[in-house]
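Pasting entry_27.cif here (mmCIF, N, CA, C and O atoms):
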```cif
data_structure
loop_
_atom_site.label_atom_id
_atom_site.label_comp_id
_atom_site.auth_asym_id
_atom_site.auth_seq_id
_atom_site.Cartn_x
_atom_site.Cartn_y
_atom_site.Cartn_z
N MET D 1 -85.63 159.25 -0.38
CA MET D 1 -85.00 158.29 -1.23
C MET D 1 -85.23 156.90 -0.64
O MET D 1 -85.08 156.69 0.55
N LEU D 2 -85.59 155.94 -1.49
CA LEU D 2 -85.84 154.57 -1.08
C LEU D 2 -84.79 153.67 -1.73
O LEU D 2 -84.71 153.59 -2.96
N VAL D 3 -83.98 153.00 -0.91
CA VAL D 3 -82.94 152.10 -1.40
C VAL D 3 -83.46 150.68 -1.21
O VAL D 3 -83.92 150.31 -0.13
N THR D 4 -83.37 149.87 -2.28
CA THR D 4 -83.84 148.49 -2.22
C THR D 4 -82.64 147.55 -2.29
O THR D 4 -81.79 147.69 -3.16
N VAL D 5 -82.58 146.59 -1.32
CA VAL D 5 -81.52 145.58 -1.29
C VAL D 5 -82.17 144.20 -1.20
O VAL D 5 -83.31 144.06 -0.76
N CYS D 6 -81.40 143.18 -1.62
CA CYS D 6 -81.89 141.80 -1.54
C CYS D 6 -81.92 141.37 -0.07
O CYS D 6 -80.95 141.58 0.67
N ALA D 7 -83.01 140.80 0.36
CA ALA D 7 -83.16 140.37 1.75
C ALA D 7 -82.26 139.19 2.09
O ALA D 7 -81.95 138.96 3.24
N TRP D 8 -81.81 138.41 1.08
CA TRP D 8 -81.00 137.23 1.33
C TRP D 8 -79.51 137.54 1.26
O TRP D 8 -78.74 137.19 2.14
N CYS D 9 -79.06 138.17 0.20
CA CYS D 9 -77.62 138.39 0.00
C CYS D 9 -77.20 139.84 0.20
O CYS D 9 -76.02 140.16 0.13
N GLU D 10 -78.15 140.73 0.42
CA GLU D 10 -77.90 142.15 0.67
C GLU D 10 -77.30 142.90 -0.52
O GLU D 10 -76.63 143.90 -0.36
N ARG D 11 -77.51 142.41 -1.73
CA ARG D 11 -77.04 143.11 -2.93
C ARG D 11 -77.94 144.31 -3.19
O ARG D 11 -79.14 144.29 -2.93
N PHE D 12 -77.34 145.33 -3.74
CA PHE D 12 -78.06 146.54 -4.10
C PHE D 12 -78.96 146.25 -5.30
O PHE D 12 -78.51 145.74 -6.32
N LEU D 13 -80.24 146.56 -5.18
CA LEU D 13 -81.19 146.32 -6.27
C LEU D 13 -81.64 147.59 -6.97
O LEU D 13 -82.12 147.53 -8.09
N GLY D 14 -81.50 148.71 -6.31
CA GLY D 14 -81.90 149.96 -6.94
C GLY D 14 -82.33 151.00 -5.92
O GLY D 14 -82.36 150.75 -4.72
N MET D 15 -82.65 152.16 -6.45
CA MET D 15 -83.12 153.23 -5.58
C MET D 15 -84.06 154.12 -6.37
O MET D 15 -84.01 154.17 -7.60
N ARG D 16 -84.95 154.79 -5.64
CA ARG D 16 -85.85 155.74 -6.31
C ARG D 16 -86.16 156.88 -5.36
O ARG D 16 -86.08 156.75 -4.13
N GLU D 17 -86.52 157.95 -5.96
CA GLU D 17 -86.82 159.17 -5.20
C GLU D 17 -88.20 159.05 -4.55
O GLU D 17 -89.16 158.62 -5.18
N THR D 18 -88.24 159.39 -3.29
CA THR D 18 -89.52 159.45 -2.58
C THR D 18 -89.52 160.71 -1.73
O THR D 18 -88.46 161.28 -1.44
N GLU D 19 -90.67 161.13 -1.35
CA GLU D 19 -90.75 162.29 -0.47
C GLU D 19 -90.60 161.81 0.96
O GLU D 19 -91.06 160.74 1.33
N GLY D 20 -89.94 162.57 1.77
CA GLY D 20 -89.78 162.20 3.17
C GLY D 20 -88.38 161.67 3.43
O GLY D 20 -87.44 161.86 2.66
N ALA D 21 -88.25 160.96 4.54
CA ALA D 21 -86.94 160.46 4.98
C ALA D 21 -86.47 159.30 4.11
O ALA D 21 -87.26 158.59 3.49
N SER D 22 -85.16 159.14 4.08
CA SER D 22 -84.56 158.02 3.36
C SER D 22 -84.83 156.73 4.12
O SER D 22 -84.84 156.70 5.35
N SER D 23 -85.06 155.68 3.39
CA SER D 23 -85.30 154.39 4.04
C SER D 23 -84.80 153.25 3.15
O SER D 23 -84.52 153.44 1.97
N ILE D 24 -84.73 152.08 3.75
CA ILE D 24 -84.28 150.88 3.04
C ILE D 24 -85.45 149.91 2.93
O ILE D 24 -86.19 149.68 3.89
N SER D 25 -85.61 149.35 1.74
CA SER D 25 -86.64 148.36 1.50
C SER D 25 -85.95 147.08 1.04
O SER D 25 -84.81 147.10 0.58
N HIS D 26 -86.62 145.96 1.21
CA HIS D 26 -86.03 144.69 0.84
C HIS D 26 -86.82 144.02 -0.28
O HIS D 26 -88.04 144.12 -0.33
N GLY D 27 -86.09 143.34 -1.13
CA GLY D 27 -86.68 142.57 -2.22
C GLY D 27 -85.88 141.29 -2.35
O GLY D 27 -85.22 140.86 -1.41
N ILE D 28 -85.92 140.69 -3.54
CA ILE D 28 -85.12 139.50 -3.80
C ILE D 28 -84.51 139.64 -5.19
O ILE D 28 -85.20 140.01 -6.14
N CYS D 29 -83.21 139.37 -5.28
CA CYS D 29 -82.54 139.48 -6.58
C CYS D 29 -82.81 138.22 -7.40
O CYS D 29 -83.28 137.20 -6.88
N ARG D 30 -82.52 138.26 -8.66
CA ARG D 30 -82.79 137.14 -9.57
C ARG D 30 -82.02 135.89 -9.16
O ARG D 30 -82.55 134.78 -9.18
N ALA D 31 -80.75 136.04 -8.76
CA ALA D 31 -79.93 134.89 -8.35
C ALA D 31 -80.51 134.20 -7.13
O ALA D 31 -80.62 132.97 -7.08
N CYS D 32 -80.92 134.95 -6.14
CA CYS D 32 -81.50 134.37 -4.92
C CYS D 32 -82.87 133.76 -5.19
O CYS D 32 -83.22 132.74 -4.60
N ALA D 33 -83.64 134.35 -6.08
CA ALA D 33 -84.94 133.79 -6.44
C ALA D 33 -84.76 132.44 -7.12
O ALA D 33 -85.50 131.49 -6.86
N THR D 34 -83.75 132.32 -7.97
CA THR D 34 -83.45 131.05 -8.64
C THR D 34 -82.97 130.02 -7.62
O THR D 34 -83.41 128.87 -7.63
N ARG D 35 -82.07 130.43 -6.73
CA ARG D 35 -81.55 129.52 -5.70
C ARG D 35 -82.65 129.00 -4.80
O ARG D 35 -82.57 127.89 -4.30
N HIS D 36 -83.65 129.79 -4.57
CA HIS D 36 -84.73 129.43 -3.66
C HIS D 36 -85.46 128.16 -4.11
O HIS D 36 -86.02 127.43 -3.30
N HIS D 37 -85.42 127.86 -5.40
CA HIS D 37 -86.14 126.71 -5.95
C HIS D 37 -85.26 125.48 -6.16
O HIS D 37 -85.73 124.47 -6.66
N TRP D 38 -83.97 125.54 -5.77
CA TRP D 38 -83.09 124.37 -5.90
C TRP D 38 -83.48 123.30 -4.89
O TRP D 38 -83.77 123.60 -3.73
N PRO D 39 -83.48 122.02 -5.30
CA PRO D 39 -83.83 120.96 -4.35
C PRO D 39 -82.78 120.79 -3.25
O PRO D 39 -83.12 120.49 -2.12
N GLU D 40 -81.50 120.97 -3.57
CA GLU D 40 -80.45 120.92 -2.56
C GLU D 40 -79.32 121.83 -3.00
O GLU D 40 -79.13 122.07 -4.18
N PRO D 41 -78.56 122.38 -2.06
CA PRO D 41 -77.52 123.34 -2.42
C PRO D 41 -76.36 122.68 -3.16
O PRO D 41 -75.95 121.57 -2.81
N PRO D 42 -75.84 123.33 -4.19
CA PRO D 42 -74.71 122.78 -4.94
C PRO D 42 -73.40 123.03 -4.22
O PRO D 42 -73.32 123.81 -3.27
N THR D 43 -72.36 122.36 -4.68
CA THR D 43 -71.02 122.52 -4.13
C THR D 43 -70.08 122.98 -5.25
O THR D 43 -70.07 122.37 -6.32
N LEU D 44 -69.33 124.03 -4.99
CA LEU D 44 -68.34 124.54 -5.93
C LEU D 44 -66.98 124.07 -5.45
O LEU D 44 -66.59 124.35 -4.31
N VAL D 45 -66.25 123.32 -6.29
CA VAL D 45 -64.94 122.78 -5.91
C VAL D 45 -63.86 123.66 -6.54
O VAL D 45 -63.83 123.85 -7.75
N VAL D 46 -62.97 124.19 -5.68
CA VAL D 46 -61.90 125.07 -6.11
C VAL D 46 -60.61 124.26 -6.23
O VAL D 46 -60.31 123.44 -5.37
N SER D 47 -59.86 124.48 -7.28
CA SER D 47 -58.60 123.79 -7.49
C SER D 47 -57.63 124.08 -6.34
O SER D 47 -57.63 125.17 -5.77
N ARG D 48 -56.78 123.09 -6.01
CA ARG D 48 -55.80 123.27 -4.94
C ARG D 48 -54.86 124.43 -5.24
O ARG D 48 -54.40 125.11 -4.34
N SER D 49 -54.57 124.64 -6.51
CA SER D 49 -53.65 125.72 -6.88
C SER D 49 -54.27 127.10 -6.66
O SER D 49 -53.58 128.10 -6.66
N ARG D 50 -55.57 127.15 -6.47
CA ARG D 50 -56.27 128.43 -6.24
C ARG D 50 -57.02 128.43 -4.91
O ARG D 50 -58.07 129.06 -4.78
N ALA D 51 -56.47 127.74 -3.94
CA ALA D 51 -57.12 127.60 -2.63
C ALA D 51 -57.36 128.95 -1.95
O ALA D 51 -58.30 129.09 -1.17
N ALA D 52 -56.52 129.94 -2.24
CA ALA D 52 -56.67 131.26 -1.62
C ALA D 52 -57.98 131.93 -2.04
O ALA D 52 -58.46 132.83 -1.35
N LEU D 53 -58.58 131.50 -3.13
CA LEU D 53 -59.83 132.10 -3.61
C LEU D 53 -61.06 131.58 -2.87
O LEU D 53 -62.15 132.11 -3.05
N GLN D 54 -60.90 130.57 -2.03
CA GLN D 54 -62.05 129.98 -1.36
C GLN D 54 -62.84 131.01 -0.56
O GLN D 54 -64.05 131.10 -0.67
N ARG D 55 -62.17 131.82 0.24
CA ARG D 55 -62.88 132.82 1.06
C ARG D 55 -63.58 133.86 0.19
O ARG D 55 -64.70 134.28 0.49
N VAL D 56 -62.93 134.29 -0.87
CA VAL D 56 -63.54 135.27 -1.77
C VAL D 56 -64.80 134.69 -2.41
O VAL D 56 -65.85 135.33 -2.45
N LEU D 57 -64.69 133.45 -2.90
CA LEU D 57 -65.84 132.82 -3.54
C LEU D 57 -66.97 132.55 -2.55
O LEU D 57 -68.14 132.68 -2.91
N GLN D 58 -66.63 132.21 -1.31
CA GLN D 58 -67.67 132.02 -0.30
C GLN D 58 -68.47 133.30 -0.09
O GLN D 58 -69.69 133.27 0.04
N GLU D 59 -67.77 134.41 -0.07
CA GLU D 59 -68.46 135.69 0.12
C GLU D 59 -69.31 136.04 -1.10
O GLU D 59 -70.43 136.52 -0.96
N LEU D 60 -68.80 135.77 -2.30
CA LEU D 60 -69.57 136.07 -3.52
C LEU D 60 -70.78 135.16 -3.67
O LEU D 60 -71.79 135.55 -4.23
N MET D 61 -70.67 133.94 -3.17
CA MET D 61 -71.76 132.97 -3.30
C MET D 61 -72.71 132.98 -2.11
O MET D 61 -73.56 132.12 -1.99
N ARG D 62 -72.56 133.95 -1.24
CA ARG D 62 -73.41 134.04 -0.05
C ARG D 62 -74.87 134.20 -0.45
O ARG D 62 -75.19 134.92 -1.37
N GLY D 63 -75.73 133.52 0.24
CA GLY D 63 -77.16 133.62 -0.04
C GLY D 63 -77.90 132.44 0.55
O GLY D 63 -77.36 131.64 1.29
N THR D 64 -79.17 132.34 0.21
CA THR D 64 -80.00 131.26 0.71
C THR D 64 -80.67 130.57 -0.47
O THR D 64 -81.32 131.25 -1.25
N PRO D 65 -80.54 129.26 -0.68
CA PRO D 65 -79.69 128.37 0.10
C PRO D 65 -78.22 128.62 -0.21
O PRO D 65 -77.88 129.14 -1.26
N GLU D 66 -77.40 128.20 0.70
CA GLU D 66 -75.97 128.44 0.59
C GLU D 66 -75.34 127.56 -0.49
O GLU D 66 -75.74 126.42 -0.67
N ILE D 67 -74.37 128.11 -1.19
CA ILE D 67 -73.57 127.34 -2.14
C ILE D 67 -72.28 126.99 -1.41
O ILE D 67 -71.55 127.87 -0.97
N HIS D 68 -72.02 125.69 -1.25
CA HIS D 68 -70.83 125.25 -0.53
C HIS D 68 -69.60 125.41 -1.42
O HIS D 68 -69.61 125.00 -2.58
N VAL D 69 -68.56 126.02 -0.89
CA VAL D 69 -67.30 126.21 -1.61
C VAL D 69 -66.23 125.44 -0.87
O VAL D 69 -65.96 125.71 0.30
N VAL D 70 -65.63 124.45 -1.53
CA VAL D 70 -64.60 123.61 -0.91
C VAL D 70 -63.38 123.55 -1.81
O VAL D 70 -63.46 123.75 -3.01
N VAL D 71 -62.23 123.27 -1.18
CA VAL D 71 -60.98 123.12 -1.92
C VAL D 71 -60.80 121.64 -2.24
O VAL D 71 -61.03 120.78 -1.39
N ASP D 72 -60.39 121.36 -3.47
CA ASP D 72 -60.18 119.99 -3.91
C ASP D 72 -59.07 119.35 -3.08
O ASP D 72 -57.99 119.90 -2.96
N ARG D 73 -59.34 118.18 -2.49
CA ARG D 73 -58.36 117.51 -1.63
C ARG D 73 -57.68 116.35 -2.33
O ARG D 73 -56.81 115.71 -1.74
N ARG D 74 -58.06 116.04 -3.54
CA ARG D 74 -57.46 114.89 -4.22
C ARG D 74 -55.98 115.11 -4.47
O ARG D 74 -55.56 116.18 -4.87
N GLN D 75 -55.21 114.07 -4.26
CA GLN D 75 -53.77 114.11 -4.50
C GLN D 75 -53.46 113.81 -5.96
O GLN D 75 -52.56 114.38 -6.54
N ALA D 76 -54.16 112.85 -6.53
CA ALA D 76 -53.93 112.45 -7.92
C ALA D 76 -55.23 111.90 -8.48
O ALA D 76 -56.19 111.64 -7.75
N GLU D 77 -55.25 111.70 -9.77
CA GLU D 77 -56.43 111.14 -10.42
C GLU D 77 -56.59 109.69 -10.00
O GLU D 77 -55.66 108.91 -10.09
N ARG D 78 -57.76 109.32 -9.49
CA ARG D 78 -57.98 107.96 -9.02
C ARG D 78 -58.37 107.01 -10.14
O ARG D 78 -58.13 105.82 -10.05
N ARG D 79 -58.99 107.53 -11.12
CA ARG D 79 -59.44 106.66 -12.21
C ARG D 79 -58.24 106.19 -13.01
O ARG D 79 -57.36 106.96 -13.36
N GLN D 80 -58.24 104.91 -13.32
CA GLN D 80 -57.17 104.35 -14.12
C GLN D 80 -57.77 103.84 -15.41
O GLN D 80 -58.76 103.12 -15.39
N GLY D 81 -57.15 104.22 -16.50
CA GLY D 81 -57.63 103.74 -17.78
C GLY D 81 -57.36 102.25 -17.89
O GLY D 81 -56.41 101.72 -17.32
N HIS D 82 -58.20 101.55 -18.60
CA HIS D 82 -57.95 100.14 -18.79
C HIS D 82 -58.13 99.79 -20.25
O HIS D 82 -58.88 100.43 -20.98
N GLU D 83 -57.41 98.78 -20.66
CA GLU D 83 -57.48 98.33 -22.04
C GLU D 83 -58.72 97.46 -22.19
O GLU D 83 -59.15 96.81 -21.24
N PRO D 84 -59.28 97.43 -23.38
CA PRO D 84 -60.44 96.56 -23.58
C PRO D 84 -60.08 95.11 -23.26
O PRO D 84 -59.03 94.62 -23.67
N GLY D 85 -60.90 94.46 -22.49
CA GLY D 85 -60.65 93.07 -22.14
C GLY D 85 -59.90 92.92 -20.83
O GLY D 85 -59.88 91.85 -20.24
N ALA D 86 -59.23 93.95 -20.35
CA ALA D 86 -58.46 93.85 -19.11
C ALA D 86 -59.38 93.65 -17.92
O ALA D 86 -59.05 92.92 -17.00
N LEU D 87 -60.53 94.28 -17.95
CA LEU D 87 -61.48 94.14 -16.85
C LEU D 87 -62.00 92.71 -16.78
O LEU D 87 -62.10 92.12 -15.72
N ASP D 88 -62.30 92.12 -17.94
CA ASP D 88 -62.77 90.74 -17.98
C ASP D 88 -61.70 89.79 -17.46
O ASP D 88 -62.00 88.84 -16.75
N GLU D 89 -60.46 90.06 -17.81
CA GLU D 89 -59.35 89.21 -17.37
C GLU D 89 -59.19 89.27 -15.86
O GLU D 89 -58.95 88.26 -15.21
N ARG D 90 -59.33 90.45 -15.28
CA ARG D 90 -59.18 90.61 -13.85
C ARG D 90 -60.28 89.86 -13.11
O ARG D 90 -60.05 89.22 -12.09
N ARG D 91 -61.48 89.90 -13.63
CA ARG D 91 -62.59 89.23 -12.97
C ARG D 91 -62.48 87.71 -13.09
O ARG D 91 -63.03 86.99 -12.28
N ALA D 92 -61.80 87.23 -14.09
CA ALA D 92 -61.68 85.79 -14.28
C ALA D 92 -60.73 85.18 -13.26
O ALA D 92 -60.84 84.00 -12.95
N LEU D 93 -59.79 85.95 -12.75
CA LEU D 93 -58.84 85.42 -11.78
C LEU D 93 -59.52 85.22 -10.44
O LEU D 93 -60.27 86.05 -9.98
N SER D 94 -59.22 84.10 -9.81
CA SER D 94 -59.81 83.83 -8.51
C SER D 94 -58.77 84.12 -7.44
O SER D 94 -57.68 83.55 -7.45
N ARG D 95 -59.07 85.00 -6.53
CA ARG D 95 -58.14 85.35 -5.47
C ARG D 95 -58.50 84.65 -4.16
O ARG D 95 -57.86 84.87 -3.15
N ARG D 96 -59.55 83.93 -4.17
CA ARG D 96 -59.99 83.27 -2.95
C ARG D 96 -59.10 82.07 -2.64
O ARG D 96 -58.67 81.35 -3.52
N ARG D 97 -58.88 81.89 -1.37
CA ARG D 97 -58.13 80.72 -0.93
C ARG D 97 -59.08 79.53 -0.90
O ARG D 97 -60.25 79.66 -0.55
N ALA D 98 -58.53 78.40 -1.22
CA ALA D 98 -59.34 77.19 -1.14
C ALA D 98 -59.58 76.87 0.33
O ALA D 98 -58.66 76.90 1.13
N THR D 99 -60.80 76.59 0.68
CA THR D 99 -61.11 76.26 2.06
C THR D 99 -60.69 74.81 2.32
O THR D 99 -60.96 73.92 1.50
N PRO D 100 -60.01 74.58 3.43
CA PRO D 100 -59.56 73.19 3.69
C PRO D 100 -60.76 72.29 3.97
O PRO D 100 -61.74 72.72 4.60
N ALA D 101 -60.69 71.12 3.45
CA ALA D 101 -61.78 70.15 3.65
C ALA D 101 -61.69 69.62 5.07
O ALA D 101 -60.61 69.30 5.58
N ILE D 102 -62.79 69.52 5.72
CA ILE D 102 -62.83 68.99 7.08
C ILE D 102 -63.17 67.50 7.00
O ILE D 102 -64.20 67.12 6.46
N VAL D 103 -62.28 66.69 7.55
CA VAL D 103 -62.50 65.23 7.52
C VAL D 103 -62.81 64.78 8.92
O VAL D 103 -62.09 65.07 9.86
N CYS D 104 -63.90 64.04 9.06
CA CYS D 104 -64.28 63.56 10.38
C CYS D 104 -64.01 62.09 10.53
O CYS D 104 -64.04 61.30 9.70
#
```
For the structure just supplied, provide its representation as structure tokens.
Amino acid sequence: MLVTVCAWCERFLGMRETEGASSISHGICRACATRHHWPEPPTLVVSRSRAALQRVLQELMRGTPEIHVVVDRRQAERRQGHEPGALDERRALSRRRATPAIVC
């Protein structure tokens, strides 16, 4: 019997009958073959309310290249909505201090 597993993530790919002793062969699964062509590894962000799933997802996403699994650290939404024209008004205000004139 010949058992085939993915060389990167060790997932079971199949088995077939052969004569002789049982052995293990290596191949590549479709997910790992796709990952192999990514320009850089992606990051999966897990919600803070589901932080316990990080370890499980890391194990499920194991492979080459690695998919980074991180827990969201944001406390609140940083983006603030603005009314039309509010941005222009803010830029019009000058916050700079007047530089004192030097008299000689």
Checklist entry - So which bits of segment 21-76 of chain D end up helix (DSSP H, G or I) when you DSSP the backbone, as JSON, numbers by chain? => result {"D": [30, 31, 32, 33, 34, 35, 48, 49, 50, 51, 52, 53, 54, 55, 56, 57, 58, 59, 60]}
Next on the checklist: Could you tell me, as a ChimeraX atom specification, exactly which residues end up selected when the PyMOL selection byres ((chain D and resi 9) around 7) is applied to this structure?
Outcome noted: /D:5-8,10-12,27,29,32,59,62-64
Checklist outcome for this item: Nearest to Leu2 of chain D, restricted to only N, CA, C and O atoms and choosing among D:Val70, D:Met61, D:Ala21, D:Arg48, comes out as D:Ala21
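Of the listed residues D:Ala31, D:Asp72, D:Thr4, D:Thr18, the one whose atoms come nearest to Ser49 of chain D is D:Asp72, with distances taken using all atoms listed in the file.
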Any chance you could work out the residue set of the PyMOL selection byres (((chain D and resi 15 and name CA) around 8) and name CA) here, as an mmCIF file with N, CA, C and O atoms, in the frame of the given file?
```
data_model
loop_
_atom_site.group_PDB
_atom_site.id
_atom_site.type_symbol
_atom_site.label_atom_id
_atom_site.label_comp_id
_atom_site.auth_asym_id
_atom_site.auth_seq_id
_atom_site.Cartn_x
_atom_site.Cartn_y
_atom_site.Cartn_z
ATOM 1 N N MET D 1 -85.630 159.250 -0.380
ATOM 2 C CA MET D 1 -85.000 158.290 -1.230
ATOM 3 C C MET D 1 -85.230 156.900 -0.640
ATOM 4 O O MET D 1 -85.080 156.690 0.550
ATOM 5 N N LEU D 2 -85.590 155.940 -1.490
ATOM 6 C CA LEU D 2 -85.840 154.570 -1.080
ATOM 7 C C LEU D 2 -84.790 153.670 -1.730
ATOM 8 O O LEU D 2 -84.710 153.590 -2.960
ATOM 9 N N VAL D 3 -83.980 153.000 -0.910
ATOM 10 C CA VAL D 3 -82.940 152.100 -1.400
ATOM 11 C C VAL D 3 -83.460 150.680 -1.210
ATOM 12 O O VAL D 3 -83.920 150.310 -0.130
ATOM 13 N N THR D 4 -83.370 149.870 -2.280
ATOM 14 C CA THR D 4 -83.840 148.490 -2.220
ATOM 15 C C THR D 4 -82.640 147.550 -2.290
ATOM 16 O O THR D 4 -81.790 147.690 -3.160
ATOM 17 N N LEU D 13 -80.240 146.560 -5.180
ATOM 18 C CA LEU D 13 -81.190 146.320 -6.270
ATOM 19 C C LEU D 13 -81.640 147.590 -6.970
ATOM 20 O O LEU D 13 -82.120 147.530 -8.090
ATOM 21 N N GLY D 14 -81.500 148.710 -6.310
ATOM 22 C CA GLY D 14 -81.900 149.960 -6.940
ATOM 23 C C GLY D 14 -82.330 151.000 -5.920
ATOM 24 O O GLY D 14 -82.360 150.750 -4.720
ATOM 25 N N ARG D 16 -84.950 154.790 -5.640
ATOM 26 C CA ARG D 16 -85.850 155.740 -6.310
ATOM 27 C C ARG D 16 -86.160 156.880 -5.360
ATOM 28 O O ARG D 16 -86.080 156.750 -4.130
ATOM 29 N N GLU D 17 -86.520 157.950 -5.960
ATOM 30 C CA GLU D 17 -86.820 159.170 -5.200
ATOM 31 C C GLU D 17 -88.200 159.050 -4.550
ATOM 32 O O GLU D 17 -89.160 158.620 -5.180
#
```
Let me have the centre and edge lengths in Å, one decimal, of the box along x, y and z around every listed atom of segment 35-54 of chain D with 4 Å of margin on each side, as lines of an AutoDock Vina configuration file.
```
center_x = -69.9
center_y = 126.7
center_z = -4.2
size_x = 40.6
size_y = 20.3
size_z = 15.2
```
Item to check | Within 8 Å of Ser47 of chain D using all atoms listed in the file, minus same-chain residues under 2 positions, as a VMD selection string | outcome: chain D and resid 44 to 45 49 to 54 70 to 73
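Note that the spacing between atom O of Thr34 of chain D and atom C of Glu66 of chain D amounts to 10.9 Å.
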Checklist entry - Between atom CA of Pro39 of chain D and atom C of Arg74 of chain D, what is the spacing in Å? => result 28.5 Å
Next on the checklist: Please report the interatomic distance between atom C of Trp38 of chain D and atom O of Val56 of chain D in Å with one decimal.
Outcome noted: 21.5 Å
